[in-house]
Amino acid sequence: MRLTRATRIALGAFATLVLAFVYVPLVVIGINSFNSDRTFGWPPPGFTTQWWSAALRAEGPRDALVTSVKAGLGATAIALVLGTLLALALSRYDFFGKHAISVLVVLPIALPGIVTGIALQSVIQNILTPVFGIGAGLFTIIVGHATFCIVLVFNNVTARLRRLGGSLEQASADLGARPLTTFRRVTFPLLRSSLVAGALLAFGLSFDEIVVTTFTAGPESPTLPIWIFNNLFRPNQAPVVNVIAVVLVVLSILPVWLAQRLGGTDATESRL
Amino acid sequence: MRSRRALVALLTPPMLWLVVAYLGALAVIFATAFWTTDPFTNLVVRTFTLENFRELLTPTYLGIIGRTLLIAVLVTVLCILIAVPFAFFMARVAPRRLRALLLAAILVPLWASYLVKAYAWRTMLQPGGVLDSAFGATPGYGFAAVVLTLTYLWLPYMILPVYAAFERLPESHLEASADLGGRPGATFRRVVVPSLLPAIAAGSVFTFSLSLGDYIAVQIVGGKLQVLGTTVLQNITLDLPLAAALGTVSVLIMVVYLLAVRRTGALENL
């Protein structure tokens, strides 16, 4: 399409505006983390580093971070195992009900989080606690997160299995390898990078999740998003919350960079 | 490798998890929508009733459902209006070196915490905040702020599929249209837009469903605004069956939307 110079310039200007729309709020919280005004009056009347040192000393966010990392690792581990098993079953076998299962695995992420949240909460309150004595806490957070993380691993592994086809596994079987040997020496090495991508996505989603977590976390074990939300409306905590927010924005460069280094945009784009 | 025993071994753990931990819980909540509560204890009583759904047909709840739908539609339309020209610039106008950089610029905010982005708009919109001092006015917390913040949050989910569609569009189609005398405007309308529709539909599944279910951002920038999500939240402790009925409504709206979108063939692109 031959565009006039004016159209190109207009499109360029529009794109610049969109980038400004995307980044100005993030830059503003960055500047606000040094704003000497406790209520973030704009423009800042002066600058200070006291919020950063207060945030470094605060125990609430540190404990919450530990909970978030534990929950993320637990949920990712479960999702890796269950998602891979499911992907192998659905890509390499034909059976009745296959389509229904592929819908079922997407449901936890497709339905509104609040529905999944209240569903899990009622199971915790009516079954887990009275029958098994398990209260809301890290364990229930991990169960909830793993449930909607399975689909991320499943999607990545399924895409890889589809690209690979089954000929290498067949060759391995023809050469006398037992199924587990084939998996260990042929399938798993070929899947490795898709598993890393799936794990990255699963951990990222778990780390950021707040809706389902609200209903599965106990009062003593907030994750980082829950801690932020609980303190968001407390004026005297605002500067600390703001510093944590800046740290999280800076950290979000990490997965994009990691995924680009791992080759391919698989991971970042399937965040969709 | 292809024996039934292996299949059963592969399927059993994930199916146990999904059916017991998820489907079971979901079934109980949908059943709860047809139960009632004891007016004195607020405990759920398991007798069948359609009363919860009848209550949803009162003007209060119809208003809330309508407002939530309006927000979801507005956010989706705004995301399309911003994403199409931006993705076009990314894929077709920007020099190749800039393209990777722009893609990263759209991906990084996608990984930034949802809560942090909503919080960022809370500070942008506050009285005496950035918007107020830059433009001398701020919409404040409410309907407009919610639409703006949700558009901001879900924009990358629209840009990425539309960008991918522009990338896939063969240059030769555009040249053919130009050779046949199509001006850029006509080419855009008659060649580009039709090939974009599945991508837009795919993106809209995210912008629409995420806006429909949201209640966190609404609490952060919405002031006292009531939407489906916040109404569910408020009823959970006092009237779980009503909350479940409201949740069921949002699930039903999503299912209808997904079925409508499926007709465009967009779901195969997800």
# chains A, B, ... in the order shown; residues from 1 in each chain; ligands from 1
$ closest_atom_pairs --of "chain A" --to "chain B" --cutoff "6 Å" --atoms "only C-alpha atoms" --output "tab-separated table"
residue	atom	partner	partner_atom	distance
A:Met1	CA	B:Leu174	CA	5.2
A:Ala15	CA	B:Phe86	CA	5.4
A:Pro25	CA	B:Ala120	CA	5.5
A:Gly41	CA	B:Gly128	CA	5.6
A:Trp42	CA	B:Gly129	CA	5.1
A:Leu82	CA	B:Pro14	CA	4.9
A:Leu85	CA	B:Leu10	CA	5.1
A:Ala89	CA	B:Leu10	CA	5.8
A:Pro112	CA	B:Gly213	CA	4.9
A:Val115	CA	B:Gly247	CA	5.7
A:Ala119	CA	B:Ala25	CA	4.9
A:Leu120	CA	B:Ala25	CA	5.8
A:Pro179	CA	B:Met1	CA	5.2
A:Asp208	CA	B:Ser113	CA	5.6
A:Ala245	CA	B:Val116	CA	5.4
A:Val249	CA	B:Ala112	CA	5.1
A:Ser252	CA	B:Ala112	CA	4.9
A:Ile253	CA	B:Val108	CA	5.7
$ write_last_selection --atoms "N, CA and C atoms" --output "short mmCIF file (atom, residue, chain, number, x, y, z; two decimals), in the first residue's frame"
data_model
loop_
_atom_site.label_atom_id
_atom_site.label_comp_id
_atom_site.auth_asym_id
_atom_site.auth_seq_id
_atom_site.Cartn_x
_atom_site.Cartn_y
_atom_site.Cartn_z
N MET A 1 0.86 -1.19 0.00
CA MET A 1 0.00 0.00 0.00
C MET A 1 0.90 1.24 0.00
N ALA A 15 1.18 6.57 16.97
CA ALA A 15 1.89 5.50 17.70
C ALA A 15 2.65 6.09 18.88
N PRO A 25 1.86 6.56 32.83
CA PRO A 25 1.47 6.16 34.20
C PRO A 25 2.57 5.41 34.93
N GLY A 41 1.11 14.83 45.54
CA GLY A 41 0.70 16.03 44.82
C GLY A 41 1.58 16.19 43.60
N TRP A 42 1.03 16.73 42.53
CA TRP A 42 1.79 16.86 41.29
C TRP A 42 1.78 18.30 40.84
N LEU A 82 0.87 -31.82 35.46
CA LEU A 82 -0.47 -32.12 34.96
C LEU A 82 -0.65 -31.64 33.52
N LEU A 85 1.20 -34.06 31.10
CA LEU A 85 0.47 -35.33 30.97
C LEU A 85 -0.74 -35.15 30.05
N ALA A 89 -1.49 -36.84 26.38
CA ALA A 89 -2.68 -37.67 26.17
C ALA A 89 -3.50 -37.14 25.00
N PRO A 112 -14.97 -15.87 34.52
CA PRO A 112 -14.56 -14.80 35.42
C PRO A 112 -13.93 -15.35 36.70
N VAL A 115 -15.95 -16.14 39.85
CA VAL A 115 -16.76 -17.36 39.89
C VAL A 115 -15.91 -18.53 40.38
N ALA A 119 -16.35 -20.46 44.03
CA ALA A 119 -16.51 -21.91 43.97
C ALA A 119 -15.47 -22.59 44.87
N LEU A 120 -14.20 -22.17 44.73
CA LEU A 120 -13.15 -22.79 45.56
C LEU A 120 -13.35 -22.45 47.03
N PRO A 179 8.23 -47.27 26.59
CA PRO A 179 7.61 -45.93 26.59
C PRO A 179 8.33 -44.93 27.50
N ASP A 208 0.99 -12.78 39.75
CA ASP A 208 0.20 -11.57 39.53
C ASP A 208 -1.26 -11.74 39.97
N ALA A 245 5.30 -1.07 43.90
CA ALA A 245 4.77 -1.04 42.53
C ALA A 245 5.90 -0.79 41.53
N VAL A 249 7.22 -3.18 38.41
CA VAL A 249 7.28 -2.76 37.00
C VAL A 249 8.66 -3.05 36.43
N SER A 252 9.21 -6.61 35.61
CA SER A 252 8.45 -7.19 34.49
C SER A 252 9.27 -7.19 33.21
N ILE A 253 10.41 -6.48 33.18
CA ILE A 253 11.29 -6.56 32.00
C ILE A 253 11.93 -7.95 31.94
#
$ residues_around --residues "Asn156 of chain A" --least-positions-apart "4" --cutoff "7 Å" --atoms "only C-alpha atoms" --output "short mmCIF file (atom, residue, chain, number, x, y, z; two decimals) with N, CA and C atoms, in the first residue's frame"
data_model
loop_
_atom_site.label_atom_id
_atom_site.label_comp_id
_atom_site.auth_asym_id
_atom_site.auth_seq_id
_atom_site.Cartn_x
_atom_site.Cartn_y
_atom_site.Cartn_z
N LEU A 152 -1.71 -23.10 30.63
CA LEU A 152 -0.56 -22.42 30.01
C LEU A 152 0.50 -23.43 29.60
N ARG A 160 4.09 -27.53 20.73
CA ARG A 160 5.36 -28.17 20.39
C ARG A 160 5.15 -29.58 19.86
N SER A 194 9.81 -25.71 25.51
CA SER A 194 8.40 -25.34 25.64
C SER A 194 7.95 -25.47 27.10
N GLY A 198 6.34 -22.51 29.28
CA GLY A 198 5.10 -22.73 30.02
C GLY A 198 5.27 -22.40 31.49
#
$ residues_around --residues "Val241 of chain A" --least-positions-apart "5" --cutoff "10 Å" --atoms "only C-alpha atoms" --output "list in words"
Ser33, Trp51, Ala55, Pro61, Trp227, Ile228, Phe229, Asn230, Asn231, Leu232, Phe233, Arg234, Pro235, Asn236 and Val246 of chain A; Val116 and Tyr119 of chain B
$ select_by_dssp --residues "segment 149-226 of chain B" --states "alpha helix (DSSP H)" --output "number ranges by chain"
B: 149-168, 171-179, 184-187, 193-213, 216-221
$ closest_residue --among "A:Ala110, A:Ala146, A:Gly133, A:Leu201" --to "Val256 of chain A" --atoms "only C-alpha atoms"
A:Leu201
$ atom_distance --atom1 "atom CA of Leu19 of chain A" --atom2 "atom CA of Ala100 of chain B"
14.3 Å
$ closest_residue --among "A:Val157, A:Leu26, A:Phe139, A:Thr16" --to "Val247 of chain A" --atoms "only C-alpha atoms"
A:Leu26
$ closest_residue --among "B:Val221, B:Val256, B:Val193, B:Ile71" --to "Gly140 of chain B" --atoms "only C-alpha atoms"
B:Val221
$ atom_distance --atom1 "atom CA of Ala54 of chain A" --atom2 "atom CA of Glu209 of chain A"
25.5 Å
